[in-house]
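Chemist: Structure in structure tokens, see below.
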Amino acid sequence: MKVLGIESSCDETGVALIDSEKGLLAHAIHTQIDMHRAYGGVVPELASRDHIRRVLVLADQVLEKAGVAKKDINAIAVTEGPGLAGALLVGASVAHAIGYALNIPVVGVHHLEGHLLSARLADPAPEFPFIALLVSGGHTQFMKVEAFGKYELLGETLDDAAGEAFDKTAQLLGECYPGGPAVSRLAEEGTPGAVELPRPMLHSPNLDMSFSGLKTAVLTAVNNAADKTDHAFRCNLARGFVDAVVDVLVAKTIKAIKTTGIKRVVVAGGVSANKQLRAALIEACRRRRAEVFFPPMALCTDNGAMIAVAGMTRLMQMSPAEFEAAKKRWSFSAKPRWTLSQAAAPDAVDPRQAHRNH
Ligand code: KG4
Ligand code: ZN
């Protein structure tokens with residue numbers, strides 16, 4: 001089965017073609033970072049318009065790279081949510097137009113489910129069950145993943161996501177959006193311990209986290225600096241910030257291993273590209289004889305391949321009758337606010353999430 005994956009939930013247009021036998025055949029990403037940089041963050045309307053410009057061009061590129069004709073695609077997977085409403089609608093309408101024209105099914109995928117399954121594109125790929133640490137610009141969560149579609153939220157940030165804290169720290173240090181890679185580079189030149197920052201909720205008894213106090217600590221340090229443009233100061237502050245985030249994420253990962261008894265960890269989402277986090281998690285897991293998996297570097301941030309993988313897994317579980325019925329489902333939706341628990345079990349109420357979404 002060949003599945004075309006389309007991701008357009010935020011500021012990356014991603015398209016990929018995956019084959020159930022041969023794996024990932026080709027993928028292409030267009031990032032809008034340069035376009036949004038002037039505004040210091042993502043401008044939703046500009047994002048939607050740019051997705052319109054890019055998505056079909058990328059789809060053609062992917063098919064050409066893979067040497068596959070349009071008529072040989074068996075299904076389409078598209079990000080249904082969460083994300084920016086207009087941006088999601090672009091992906092959904094293009095996916096359904098292609099699906100209609102080719103008479104093939106289109107499945108909507110939860111963006112986080114895509115991140116969660118992106119490590120299945122790594123070699124070796126993790127087996128179920130595993131603990132997933134999802135660290136992106138919008139989410140920081142621990143999930144217990146027992147099987148495809150069986151996700152249990154174990155803990156999450158109570159305020160800012162780790163990626164968001166990276167982006168805000170970068171801004172305070174005078175670096176451009178998105179800040180993760182820039183802060184990571186500065187931290188490499190910093191001296192460990194030169195700036196000590198708080199590690200919020202490090203010893204809390206659960207797997208919840210908090211990063212907004214850390215952001216405030218960075219702001220205070222910048223405000224109190226004799227010269228906030230001094231290179232050594234910026235590097236040391238970045239180092240203090242990265243060490244604090246990494247310490248919290250590593251400690252909570254170890255706690256997740258201990259409380260679930262599952263010794264297999266998958267790290268995904270944009271922040272999983274972070275060098276310092278990768279090195280610390282690899283070492284901490286090695287000491288506890290646990291395995292840790294990361295998506296291939298190019299597939300850590302948003303991409304079409306993760307959506308194709310998640311969609312293909314769902315399609316492969318369909319009976320031939322369900323697959324045929326899916327071809328005739330013409331309606332579609334974009335779900336800007338949509339939790340993974342809602343996606344996995346649409347009728348269940350998740351008490352942890354219920355109060356946060358409204
Ligand atoms: O998963 P993603 O591409 O988009 C969302 O779904 O949010 O994650 C983007 C986030 C941004 O906050 C960005 O600063 C962060 O991932 N990020 C990094 C690195 N690369 C991207 N954070 C730390 N270190 C990196 N190398
Ligand atoms: Zn993402």
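Every chain in the structure tokens takes a letter, A first, then B, and so on in the order presented; its residues are numbered from 1, and the ligands are numbered from 1 following the presented order.
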Compute the set of protein, DNA and RNA residues whose minimum atom distance to ligand 2 is at most 8 Å, using only C-alpha atoms and all ligand atoms, and state it as a PyMOL selection string.
Modeler: chain A and resi 10+111-112+115+136-138+269-270+301-302
Chemist: Which residues form the shell of 9 Å around ligand 1 when you count only C-alpha atoms and all ligand atoms, given as a ChimeraX atom specification?
Modeler: /A:9-12,83,111-112,115,134-139,161-168,170,177-185,242,268-277,299-303
Chemist: So that I can see what lies close to stretch 90-99 of chain A, please list as JSON, numbers by chain the residues with an atom at most 12 Å from it, counting only C-alpha atoms and leaving out residues fewer than 4 positions away in the same chain.
Modeler: {"A": [3, 4, 5, 6, 7, 8, 9, 10, 12, 13, 14, 15, 44, 45, 47, 48, 49, 50, 51, 52, 53, 54, 55, 56, 57, 59, 70, 71, 73, 74, 75, 76, 77, 78, 79, 80, 81, 83, 84, 85, 86, 103, 104, 105, 106, 107, 108, 109, 304, 307, 326, 327, 328, 329, 330, 331, 332, 333, 334, 335]}
Chemist: Could you write out, as a PyMOL selection string, all the residues of stretch 79-157 of chain A that DSSP marks as strand (DSSP E or B)?
Modeler: chain A and resi 79-81+106-110+130-135+140-147+150-157
Chemist: Need the shell around A:Lys258: protein/DNA/RNA residues with any atom at most 12 Å away, counting only C-alpha atoms. Skip same-chain ones fewer than 3 positions apart. Format as a list in words?
Modeler: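 Returned residues: Ile131, Asn206, Leu207, Ala251, Lys252, Thr253, Ile254, Lys255, Gly261, Ile262, Lys263, Arg264, Val265, Cys285, Arg288, Arg289 and Ala290 of chain A.
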Chemist: Write out as a list of chain:residue names the residues lying within 10 Å of A:Ala187, counting only C-alpha atoms and excluding same-chain residues fewer than 5 positions away.
Modeler: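 Residues meeting the cut-off are A:Pro181, A:Ala182, A:Pro192, A:Arg234, A:Cys235, A:Asn236, A:Leu237, A:Ala238, A:Arg239, A:Gly240, A:Phe241, A:Val242, A:Asp243, A:Gln276.
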Chemist: Would you output that residue set with N, CA, C and O atoms, as a PDB file, in the first residue's frame?
Modeler:
ATOM      1  N   PRO A 181      17.355  25.622  18.101  1.00  0.00           N
ATOM      2  CA  PRO A 181      18.715  25.351  17.625  1.00  0.00           C
ATOM      3  C   PRO A 181      19.703  26.455  18.043  1.00  0.00           C
ATOM      4  O   PRO A 181      20.853  26.152  18.387  1.00  0.00           O
ATOM      5  N   ALA A 182      19.266  27.731  18.060  1.00  0.00           N
ATOM      6  CA  ALA A 182      20.173  28.837  18.417  1.00  0.00           C
ATOM      7  C   ALA A 182      20.593  28.743  19.887  1.00  0.00           C
ATOM      8  O   ALA A 182      21.777  28.884  20.215  1.00  0.00           O
ATOM      9  N   PRO A 192      29.219  25.027  32.228  1.00  0.00           N
ATOM     10  CA  PRO A 192      28.198  24.434  33.102  1.00  0.00           C
ATOM     11  C   PRO A 192      28.295  25.007  34.516  1.00  0.00           C
ATOM     12  O   PRO A 192      29.403  25.170  35.036  1.00  0.00           O
ATOM     13  N   ARG A 234      25.748  35.451  27.418  1.00  0.00           N
ATOM     14  CA  ARG A 234      24.668  34.818  26.655  1.00  0.00           C
ATOM     15  C   ARG A 234      24.864  33.297  26.591  1.00  0.00           C
ATOM     16  O   ARG A 234      23.924  32.527  26.741  1.00  0.00           O
ATOM     17  N   CYS A 235      26.133  32.891  26.385  1.00  0.00           N
ATOM     18  CA  CYS A 235      26.411  31.448  26.298  1.00  0.00           C
ATOM     19  C   CYS A 235      26.162  30.776  27.649  1.00  0.00           C
ATOM     20  O   CYS A 235      25.576  29.684  27.714  1.00  0.00           O
ATOM     21  N   ASN A 236      26.597  31.418  28.737  1.00  0.00           N
ATOM     22  CA  ASN A 236      26.419  30.815  30.069  1.00  0.00           C
ATOM     23  C   ASN A 236      24.947  30.737  30.458  1.00  0.00           C
ATOM     24  O   ASN A 236      24.506  29.768  31.072  1.00  0.00           O
ATOM     25  N   LEU A 237      24.193  31.778  30.075  1.00  0.00           N
ATOM     26  CA  LEU A 237      22.755  31.768  30.394  1.00  0.00           C
ATOM     27  C   LEU A 237      22.047  30.670  29.584  1.00  0.00           C
ATOM     28  O   LEU A 237      21.209  29.927  30.118  1.00  0.00           O
ATOM     29  N   ALA A 238      22.420  30.578  28.313  1.00  0.00           N
ATOM     30  CA  ALA A 238      21.835  29.514  27.472  1.00  0.00           C
ATOM     31  C   ALA A 238      22.174  28.150  28.056  1.00  0.00           C
ATOM     32  O   ALA A 238      21.319  27.253  28.125  1.00  0.00           O
ATOM     33  N   ARG A 239      23.411  28.008  28.525  1.00  0.00           N
ATOM     34  CA  ARG A 239      23.840  26.728  29.113  1.00  0.00           C
ATOM     35  C   ARG A 239      23.015  26.404  30.372  1.00  0.00           C
ATOM     36  O   ARG A 239      22.555  25.284  30.573  1.00  0.00           O
ATOM     37  N   GLY A 240      22.835  27.431  31.215  1.00  0.00           N
ATOM     38  CA  GLY A 240      22.044  27.248  32.431  1.00  0.00           C
ATOM     39  C   GLY A 240      20.613  26.844  32.095  1.00  0.00           C
ATOM     40  O   GLY A 240      20.031  25.962  32.732  1.00  0.00           O
ATOM     41  N   PHE A 241      20.059  27.457  31.061  1.00  0.00           N
ATOM     42  CA  PHE A 241      18.688  27.152  30.643  1.00  0.00           C
ATOM     43  C   PHE A 241      18.584  25.711  30.118  1.00  0.00           C
ATOM     44  O   PHE A 241      17.726  24.937  30.553  1.00  0.00           O
ATOM     45  N   VAL A 242      19.474  25.373  29.195  1.00  0.00           N
ATOM     46  CA  VAL A 242      19.418  24.031  28.589  1.00  0.00           C
ATOM     47  C   VAL A 242      19.618  22.963  29.666  1.00  0.00           C
ATOM     48  O   VAL A 242      18.880  21.967  29.712  1.00  0.00           O
ATOM     49  N   ASP A 243      20.595  23.185  30.566  1.00  0.00           N
ATOM     50  CA  ASP A 243      20.841  22.187  31.615  1.00  0.00           C
ATOM     51  C   ASP A 243      19.610  22.002  32.497  1.00  0.00           C
ATOM     52  O   ASP A 243      19.298  20.883  32.912  1.00  0.00           O
ATOM     53  N   GLN A 276      21.846  18.252  23.363  1.00  0.00           N
ATOM     54  CA  GLN A 276      22.097  18.040  24.786  1.00  0.00           C
ATOM     55  C   GLN A 276      21.070  17.075  25.383  1.00  0.00           C
ATOM     56  O   GLN A 276      21.419  16.209  26.187  1.00  0.00           O
TER      57      GLN A 276
END
Chemist: Can you list, as a ChimeraX atom specification, every residue of stretch 192-253 of chain A that DSSP puts in alpha helix (DSSP H)?
Modeler: /A:212-224,231-253
Chemist: Go ahead and save the picked residues with N, CA, C and O atoms, as a compact mmCIF listing (two decimals), in the first residue's frame.
Modeler:
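Saved result, out18.txt, follows:
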# COMPACT_ATOMS: atom_id res chain seq x y z
N SER A 212 7.29 27.73 32.86
CA SER A 212 7.12 29.18 32.77
C SER A 212 8.01 29.91 33.80
O SER A 212 8.51 31.00 33.54
N GLY A 213 8.25 29.29 34.98
CA GLY A 213 9.11 29.90 35.99
C GLY A 213 10.54 30.00 35.48
O GLY A 213 11.26 30.98 35.77
N LEU A 214 10.93 29.02 34.72
CA LEU A 214 12.29 29.01 34.15
C LEU A 214 12.46 30.18 33.17
O LEU A 214 13.48 30.88 33.17
N LYS A 215 11.42 30.39 32.40
CA LYS A 215 11.42 31.51 31.44
C LYS A 215 11.55 32.84 32.20
O LYS A 215 12.32 33.73 31.81
N THR A 216 10.82 32.96 33.31
CA THR A 216 10.89 34.19 34.12
C THR A 216 12.30 34.35 34.70
O THR A 216 12.83 35.48 34.76
N ALA A 217 12.92 33.24 35.10
CA ALA A 217 14.28 33.30 35.65
C ALA A 217 15.26 33.80 34.58
O ALA A 217 16.18 34.58 34.87
N VAL A 218 15.04 33.38 33.33
CA VAL A 218 15.91 33.85 32.23
C VAL A 218 15.70 35.36 32.05
O VAL A 218 16.66 36.13 31.91
N LEU A 219 14.44 35.78 32.09
CA LEU A 219 14.12 37.20 31.93
C LEU A 219 14.80 38.04 33.02
O LEU A 219 15.42 39.07 32.74
N THR A 220 14.72 37.54 34.28
CA THR A 220 15.34 38.26 35.39
C THR A 220 16.85 38.35 35.18
O THR A 220 17.46 39.42 35.39
N ALA A 221 17.46 37.25 34.77
CA ALA A 221 18.92 37.25 34.55
C ALA A 221 19.29 38.25 33.46
O ALA A 221 20.29 38.98 33.59
N VAL A 222 18.50 38.32 32.41
CA VAL A 222 18.79 39.27 31.31
C VAL A 222 18.63 40.71 31.82
O VAL A 222 19.49 41.57 31.57
N ASN A 223 17.56 40.94 32.57
CA ASN A 223 17.31 42.30 33.10
C ASN A 223 18.41 42.76 34.07
O ASN A 223 18.73 43.94 34.14
N ASN A 224 18.99 41.80 34.81
CA ASN A 224 20.02 42.15 35.80
C ASN A 224 21.43 42.17 35.21
O ASN A 224 22.38 42.51 35.93
N HIS A 231 29.00 38.11 24.92
CA HIS A 231 28.92 36.75 24.36
C HIS A 231 28.98 35.68 25.46
O HIS A 231 28.18 34.75 25.48
N ALA A 232 29.95 35.85 26.39
CA ALA A 232 30.11 34.83 27.46
C ALA A 232 28.85 34.76 28.32
O ALA A 232 28.38 33.67 28.67
N PHE A 233 28.27 35.92 28.62
CA PHE A 233 27.03 35.94 29.43
C PHE A 233 25.91 35.18 28.71
O PHE A 233 25.22 34.34 29.31
N ARG A 234 25.75 35.45 27.42
CA ARG A 234 24.67 34.82 26.66
C ARG A 234 24.86 33.30 26.59
O ARG A 234 23.92 32.53 26.74
N CYS A 235 26.13 32.89 26.39
CA CYS A 235 26.41 31.45 26.30
C CYS A 235 26.16 30.78 27.65
O CYS A 235 25.58 29.68 27.71
N ASN A 236 26.60 31.42 28.74
CA ASN A 236 26.42 30.82 30.07
C ASN A 236 24.95 30.74 30.46
O ASN A 236 24.51 29.77 31.07
N LEU A 237 24.19 31.78 30.07
CA LEU A 237 22.76 31.77 30.39
C LEU A 237 22.05 30.67 29.58
O LEU A 237 21.21 29.93 30.12
N ALA A 238 22.42 30.58 28.31
CA ALA A 238 21.84 29.51 27.47
C ALA A 238 22.17 28.15 28.06
O ALA A 238 21.32 27.25 28.12
N ARG A 239 23.41 28.01 28.53
CA ARG A 239 23.84 26.73 29.11
C ARG A 239 23.01 26.40 30.37
O ARG A 239 22.55 25.28 30.57
N GLY A 240 22.84 27.43 31.21
CA GLY A 240 22.04 27.25 32.43
C GLY A 240 20.61 26.84 32.10
O GLY A 240 20.03 25.96 32.73
N PHE A 241 20.06 27.46 31.06
CA PHE A 241 18.69 27.15 30.64
C PHE A 241 18.58 25.71 30.12
O PHE A 241 17.73 24.94 30.55
N VAL A 242 19.47 25.37 29.20
CA VAL A 242 19.42 24.03 28.59
C VAL A 242 19.62 22.96 29.67
O VAL A 242 18.88 21.97 29.71
N ASP A 243 20.59 23.19 30.57
CA ASP A 243 20.84 22.19 31.62
C ASP A 243 19.61 22.00 32.50
O ASP A 243 19.30 20.88 32.91
N ALA A 244 18.90 23.11 32.79
CA ALA A 244 17.70 23.01 33.64
C ALA A 244 16.61 22.21 32.92
O ALA A 244 16.01 21.29 33.50
N VAL A 245 16.35 22.52 31.66
CA VAL A 245 15.31 21.80 30.90
C VAL A 245 15.67 20.31 30.79
O VAL A 245 14.84 19.42 31.03
N VAL A 246 16.94 20.06 30.46
CA VAL A 246 17.38 18.67 30.26
C VAL A 246 17.27 17.90 31.58
O VAL A 246 16.77 16.77 31.61
N ASP A 247 17.69 18.51 32.69
CA ASP A 247 17.61 17.83 34.00
C ASP A 247 16.18 17.42 34.30
O ASP A 247 15.92 16.31 34.75
N VAL A 248 15.24 18.35 34.07
CA VAL A 248 13.83 18.06 34.38
C VAL A 248 13.33 16.92 33.47
O VAL A 248 12.73 15.95 33.94
N LEU A 249 13.59 17.03 32.17
CA LEU A 249 13.06 16.02 31.24
C LEU A 249 13.68 14.65 31.51
O LEU A 249 12.99 13.62 31.44
N VAL A 250 14.97 14.62 31.84
CA VAL A 250 15.62 13.33 32.11
C VAL A 250 15.07 12.73 33.41
O VAL A 250 14.71 11.55 33.46
N ALA A 251 14.97 13.56 34.46
CA ALA A 251 14.47 13.05 35.76
C ALA A 251 13.05 12.50 35.61
O ALA A 251 12.71 11.44 36.15
N LYS A 252 12.23 13.20 34.86
CA LYS A 252 10.83 12.75 34.69
C LYS A 252 10.78 11.48 33.82
O LYS A 252 9.92 10.62 34.01
N THR A 253 11.68 11.40 32.86
CA THR A 253 11.72 10.18 32.02
C THR A 253 12.06 8.97 32.89
O THR A 253 11.43 7.90 32.78
Chemist: Applying 9 Å and only C-alpha atoms, which residues near A:Leu24 remain after dropping the ones on its own chain fewer than 5 positions away? List them as a PDB file with C-alpha atoms, in the first residue's frame.
Modeler:
ATOM      1  CA  ALA A  16       5.797  12.223   2.004  1.00  0.00           C
ATOM      2  CA  LEU A  17       5.129   8.941   0.275  1.00  0.00           C
ATOM      3  CA  ILE A  18       5.368   5.732   2.269  1.00  0.00           C
ATOM      4  CA  ASP A  19       5.095   2.144   1.103  1.00  0.00           C
ATOM      5  CA  LEU A 121      10.840   5.388  10.788  1.00  0.00           C
ATOM      6  CA  ALA A 305       6.352  11.247   6.784  1.00  0.00           C
ATOM      7  CA  ALA A 308       1.913   9.067   6.409  1.00  0.00           C
ATOM      8  CA  VAL A 309       3.137   6.462   8.945  1.00  0.00           C
TER       9      VAL A 309
END
Chemist: Which value, in Å to one decimal, gives the distance between atom CA of A:Leu340 and atom CA of A:Tyr151?
Modeler: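 Taking atom CA of A:Leu340 as the start and atom CA of A:Tyr151 as the end point, the length is 7.7 Å.
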Chemist: Which residue is closest to A:Arg337? Choose from A:His110, A:Lys144, A:Arg314, A:Lys228 and count only C-alpha atoms.
Modeler: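 For A:Arg337, the nearest of the given residues is A:His110.
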Chemist: Tell me which protein, DNA and RNA residues are within 7 Å of A:Pro129, counting only C-alpha atoms, leaving out same-chain ones fewer than 3 positions away, and put them as a PyMOL selection string.
Modeler: chain A and resi 145-147
Chemist: Find, counting only C-alpha atoms, the residue in A:Phe130, A:Phe293, A:Tyr100, A:Tyr39 that gets nearest to A:Cys176.
Modeler: A:Tyr39
Chemist: Stretch 50-152 of chain A near stretch 26-36 of chain A within 7 Å: what's each residue's closest atom pair and its distance in Å to one decimal, counting only C-alpha atoms, ordered by chain then ascending residue number, as a Markdown table?
Modeler:
| residue | atom | partner | partner_atom | distance |
| --- | --- | --- | --- | --- |
| A:Leu58 | CA | A:Ala28 | CA | 6.2 |
| A:Val62 | CA | A:Ala26 | CA | 5.5 |
| A:Lys65 | CA | A:Ala26 | CA | 6.2 |
| A:Ala66 | CA | A:Ala26 | CA | 5.4 |
Chemist: Suppose you want the space between atom CA of A:Ala122 and atom CA of A:Leu315; what is it in Å?
Modeler: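 That distance, rounded to one decimal, is 20.6 Å.
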